[in-house]
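Everything on this sheet refers to the single structure shown next.
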Amino acid sequence: MIDIEQLKQGNRRALAKAITLVESKLERHRIEAQQLLETLLPDTGKSLRIGISGIPGVGKSTFIEAFGKYIIGLGKKVAVLAVDPSSPVRGGSILGDKTRMEELSRDPNAYIRPSPSEGALGGVAQKTRETMLLCEAAGYDVILVETVGVGQSEYEVAAMVDFFLVLMLPNAGDELQGIKRGIMELADALVINKADGESVNLAARTQQHYQNAFHLIRHGDFWTPRVETCSALNKAGINSVWDMIASYQKLAEACGAFEGKRAKQNAQWMKKLIHQLLEQRLKENPQVQKRMGELHQAVVENTTTPLLAAKTIVDLL
Ligand code: GDP
């Protein structure tokens, strides 16, 4: 059993046990986990949720270590979670790894949790959302959700945070890799890391370039995405990144966009889960399984229409 009072007081063991429960694939654990989350719901939502993305080697763990320590220095508690795009080739999760953030992981005001392995319903992102709620109930003021800058996981993380930050390398002129337009639209800020040593000027040019690019993209009314530079290694510029996010929060709260965004995220997530639940029910339904092969064959042989076959299957539910 999870000790809810202990968890709410920030007890790390109680939190870890709750996260393990949430990540479990066993049906009875899933029911228990949902009950726990419902009980804790009034204690959630009070944190600032920040997504941090970037290609491998851009300096995510170095940045999170410096950023996390800075936030703790402001008297806050920080949780670091990760959404790893599951890849059987790479195997295991490298994000949110304690060995990558050694100093932060030793801090009593930090909690680091690596990415769950592929979850059942809703996948890794669903597990991370739920873990985020548990961390909030345990009193963490800032939740950092780390992901790699490839594919779907960026969209999933952007859909669960208040502020989405993309780390970039200093890179200008012709060498500028065409940053995906989709990412420009997701990002609330770009931060050019490694703005140190010989790269200082290049970083400034890169900053200028992206600032110009942002002007061409329409965003929400109250916030124009910003481009900052920093050196995570030298812990330089970290404070400006925090100040920027704090000013975003202030603006968003003042105009109601902060709560509005979360409400929209929850509603979209519910829709997504409805689809996934239906798909799961279809897969588990013995009658559906029985008829599926035969209808598949009929469609392939052109003896029935895909729509009629699909309706027959759905009607079986
Ligand atoms: P990740 O794969 O995105 O987590 O990147 P890491 O944080 O592991 O950093 C990759 C490499 O870049 C490491 O060798 C870091 O020491 C180095 N690095 C990270 N941040 C900076 C920085 O601000 N300046 C410089 N010069 N190197 C950095």
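Every chain in the structure tokens takes a letter, A first, then B, and so on in the order presented; its residues are numbered from 1, and the ligands are numbered from 1 following the presented order.
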Next on the checklist: Within 6 Å of ligand 1 (counting only C-alpha atoms and all ligand atoms), which residues show up? I'd like them as number ranges by chain.
Outcome noted: A: 56-62, 193-194, 196, 231-233
Item to check | Residue contacts of Gly73 (chain A) (12 Å, only C-alpha atoms) excluding same-chain residues fewer than 5 positions away, as a list in words | outcome: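 In the requested format, the answer is Ala66, Phe67, Gly68, Val78, Leu104, Asp107, Asn109, Ala110, Asn239 and Trp242 of chain A.
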Next on the checklist: DSSP on the backbone: which residues in region 9-97 of chain A end up as strand (DSSP E)? Give the answer as a PyMOL selection string.
Outcome noted: chain A and resi 48-54+78-83
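Among A:Leu41, A:His215, A:Ala82, A:Val148, the residue with the shortest atom-to-atom distance to Ile55 (chain A), counting only C-alpha atoms, is A:Val148.
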Item to check | For CA of Glu23 (chain A) and CA of Gln126 (chain A), the interatomic separation in Å (one decimal) | outcome: 9.4 Å
Next on the checklist: Among region 10-155 of chain A, which residues does DSSP mark as helix (DSSP H, G or I) when it is run on the backbone? Keep the chain and numbering as in the structure and answer as JSON, numbers by chain.
Outcome noted: {"A": [12, 13, 14, 15, 16, 17, 18, 19, 20, 21, 22, 23, 27, 28, 29, 30, 31, 32, 33, 34, 35, 36, 37, 38, 39, 40, 41, 42, 43, 60, 61, 62, 63, 64, 65, 66, 67, 68, 69, 70, 71, 72, 73, 98, 99, 100, 102, 103, 104, 105, 106, 123, 124, 125, 126, 127, 128, 129, 130, 131, 132, 133, 134, 135, 136, 137, 152, 153, 154, 155]}
Checklist entry - Closest to Glu5 (chain A) among A:Ser24, A:Thr39, A:Thr99, A:Ser240, using only C-alpha atoms? => result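 Checking each candidate against Glu5 (chain A), we get A:Thr39 as the closest.
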Checklist outcome for this item: re CA of Met184 (chain A) and CA of Cys230 (chain A): distance 18.8 Å
Checklist entry - Which is closest to Gln280 (chain A) among A:Arg262, A:Leu36, A:Val161, A:Leu317, if we use only C-alpha atoms? => result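 Ranked by minimum distance to Gln280 (chain A), first place goes to A:Leu317.
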Checklist entry - CA of Pro114 (chain A) and CA of Arg13 (chain A) are how many Å apart? => result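 So the two atoms, CA of Pro114 (chain A) and CA of Arg13 (chain A), lie 15.8 Å apart.
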Checklist entry - Hey, what's within 12 Å of Thr20 (chain A) if we count only C-alpha atoms and toss same-chain stuff fewer than 6 positions away? As a PyMOL selection string, please? => result chain A and resi 1-2+13-14+26+29-30+32-33+113-117+119+127-128+130-131+134
Checklist entry - Closest to Lys25 (chain A) among A:Tyr111, A:Met101, A:Val124, A:Val314, using only C-alpha atoms? => result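 The answer is A:Val124, which sits nearest to Lys25 (chain A).
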Identify, on the basis of only C-alpha atoms, every residue whose closest approach to Leu316 (chain A) does not exceed 9 Å; exclude the query and any residue fewer than 6 positions from it along the same chain; express the result as a PDB file with N, CA and C atoms, in the first residue's frame.
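Produced file result.pdb, reproduced below:
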```pdb
ATOM      1  N   LEU A 282     -11.191  -3.555 -28.818  1.00  0.00           N
ATOM      2  CA  LEU A 282     -11.327  -4.310 -30.056  1.00  0.00           C
ATOM      3  C   LEU A 282     -10.364  -5.489 -30.067  1.00  0.00           C
ATOM      4  N   ASN A 285     -11.436  -8.278 -27.646  1.00  0.00           N
ATOM      5  CA  ASN A 285     -12.751  -8.879 -27.814  1.00  0.00           C
ATOM      6  C   ASN A 285     -12.663 -10.183 -28.626  1.00  0.00           C
ATOM      7  N   GLN A 287     -14.934 -12.089 -29.997  1.00  0.00           N
ATOM      8  CA  GLN A 287     -15.768 -12.114 -31.214  1.00  0.00           C
ATOM      9  C   GLN A 287     -15.101 -11.346 -32.346  1.00  0.00           C
ATOM     10  N   VAL A 288     -14.514 -10.205 -31.971  1.00  0.00           N
ATOM     11  CA  VAL A 288     -13.807  -9.397 -32.968  1.00  0.00           C
ATOM     12  C   VAL A 288     -12.655 -10.207 -33.545  1.00  0.00           C
TER      13      VAL A 288
END
```
Spatial neighbours of Val227 (chain A), max dist 7 Å, only C-alpha atoms, sep filter under 2 positions, as a short mmCIF file (atom, residue, chain, number, x, y, z; two decimals) with all heavy atoms, in the first residue's frame:
```
data_model
loop_
_atom_site.label_atom_id
_atom_site.label_comp_id
_atom_site.auth_asym_id
_atom_site.auth_seq_id
_atom_site.Cartn_x
_atom_site.Cartn_y
_atom_site.Cartn_z
N ALA A 189 10.51 28.65 -26.50
CA ALA A 189 11.83 29.29 -26.53
C ALA A 189 12.85 28.34 -27.13
O ALA A 189 12.74 27.12 -26.99
CB ALA A 189 12.26 29.68 -25.13
N LEU A 190 13.83 28.92 -27.81
CA LEU A 190 15.01 28.17 -28.21
C LEU A 190 16.15 28.68 -27.34
O LEU A 190 16.24 29.88 -27.09
CB LEU A 190 15.36 28.42 -29.68
CG LEU A 190 14.36 28.01 -30.75
CD1 LEU A 190 14.93 28.33 -32.14
CD2 LEU A 190 14.02 26.54 -30.66
N VAL A 191 16.99 27.77 -26.89
CA VAL A 191 18.16 28.19 -26.13
C VAL A 191 19.39 27.64 -26.83
O VAL A 191 19.53 26.42 -26.99
CB VAL A 191 18.09 27.71 -24.66
CG1 VAL A 191 19.37 28.05 -23.93
CG2 VAL A 191 16.90 28.34 -23.95
N GLN A 207 21.44 32.99 -32.75
CA GLN A 207 20.33 33.59 -32.00
C GLN A 207 19.55 34.56 -32.90
O GLN A 207 18.32 34.50 -33.00
CB GLN A 207 20.88 34.33 -30.78
CG GLN A 207 19.82 34.97 -29.91
CD GLN A 207 20.44 35.73 -28.75
OE1 GLN A 207 21.60 36.17 -28.82
NE2 GLN A 207 19.70 35.86 -27.68
N TYR A 210 17.45 32.74 -35.60
CA TYR A 210 16.20 32.12 -35.14
C TYR A 210 15.19 33.16 -34.70
O TYR A 210 13.99 32.97 -34.84
CB TYR A 210 16.48 31.11 -34.02
CG TYR A 210 17.07 29.83 -34.56
CD1 TYR A 210 18.26 29.32 -34.05
CD2 TYR A 210 16.44 29.13 -35.59
CE1 TYR A 210 18.81 28.15 -34.55
CE2 TYR A 210 16.99 27.96 -36.10
CZ TYR A 210 18.17 27.46 -35.56
OH TYR A 210 18.70 26.31 -36.07
N GLN A 211 15.71 34.27 -34.16
CA GLN A 211 14.79 35.33 -33.80
C GLN A 211 14.04 35.83 -35.05
O GLN A 211 12.83 36.00 -35.01
CB GLN A 211 15.55 36.50 -33.16
CG GLN A 211 15.22 36.66 -31.69
CD GLN A 211 16.35 37.31 -30.91
OE1 GLN A 211 17.27 37.90 -31.50
NE2 GLN A 211 16.29 37.20 -29.60
N PRO A 225 7.76 33.61 -29.00
CA PRO A 225 8.87 32.78 -28.55
C PRO A 225 10.19 33.53 -28.58
O PRO A 225 10.43 34.33 -29.50
CB PRO A 225 8.87 31.62 -29.54
CG PRO A 225 7.48 31.55 -30.02
CD PRO A 225 6.97 32.96 -30.05
N THR A 229 20.79 32.56 -25.34
CA THR A 229 22.01 31.76 -25.42
C THR A 229 22.46 31.43 -24.00
O THR A 229 22.13 32.15 -23.06
CB THR A 229 23.16 32.52 -26.12
OG1 THR A 229 23.48 33.67 -25.34
CG2 THR A 229 22.77 32.94 -27.53
#
```
Item to check | Surrounding residues of Ile52 (chain A) excluding itself and chain neighbours under 3 positions, 7 Å, only C-alpha atoms, as a ChimeraX atom specification | outcome: /A:144-147,164-166
With N, CA, C and O atoms kept, could you save the residues just selected as an mmCIF file, in the first residue's frame?
```cif
data_model
loop_
_atom_site.group_PDB
_atom_site.id
_atom_site.type_symbol
_atom_site.label_atom_id
_atom_site.label_comp_id
_atom_site.auth_asym_id
_atom_site.auth_seq_id
_atom_site.Cartn_x
_atom_site.Cartn_y
_atom_site.Cartn_z
ATOM 1 N N LEU A 144 10.732 19.172 -14.667
ATOM 2 C CA LEU A 144 11.413 19.247 -15.963
ATOM 3 C C LEU A 144 11.180 17.918 -16.678
ATOM 4 O O LEU A 144 11.466 16.861 -16.115
ATOM 5 N N VAL A 145 10.638 17.969 -17.877
ATOM 6 C CA VAL A 145 10.430 16.737 -18.645
ATOM 7 C C VAL A 145 11.376 16.760 -19.839
ATOM 8 O O VAL A 145 11.264 17.604 -20.728
ATOM 9 N N GLU A 146 12.308 15.830 -19.822
ATOM 10 C CA GLU A 146 13.348 15.790 -20.841
ATOM 11 C C GLU A 146 12.957 14.848 -21.982
ATOM 12 O O GLU A 146 12.373 13.792 -21.754
ATOM 13 N N THR A 147 13.279 15.240 -23.209
ATOM 14 C CA THR A 147 13.100 14.296 -24.315
ATOM 15 C C THR A 147 14.128 14.559 -25.403
ATOM 16 O O THR A 147 14.776 15.609 -25.423
ATOM 17 N N PHE A 164 7.623 24.912 -23.362
ATOM 18 C CA PHE A 164 8.444 23.941 -24.084
ATOM 19 C C PHE A 164 9.698 24.621 -24.626
ATOM 20 O O PHE A 164 9.628 25.567 -25.411
ATOM 21 N N LEU A 165 10.832 24.115 -24.183
ATOM 22 C CA LEU A 165 12.116 24.737 -24.507
ATOM 23 C C LEU A 165 12.960 23.775 -25.347
ATOM 24 O O LEU A 165 13.043 22.589 -25.042
ATOM 25 N N VAL A 166 13.517 24.279 -26.426
ATOM 26 C CA VAL A 166 14.354 23.437 -27.282
ATOM 27 C C VAL A 166 15.791 23.932 -27.225
ATOM 28 O O VAL A 166 16.071 25.106 -27.482
#
```
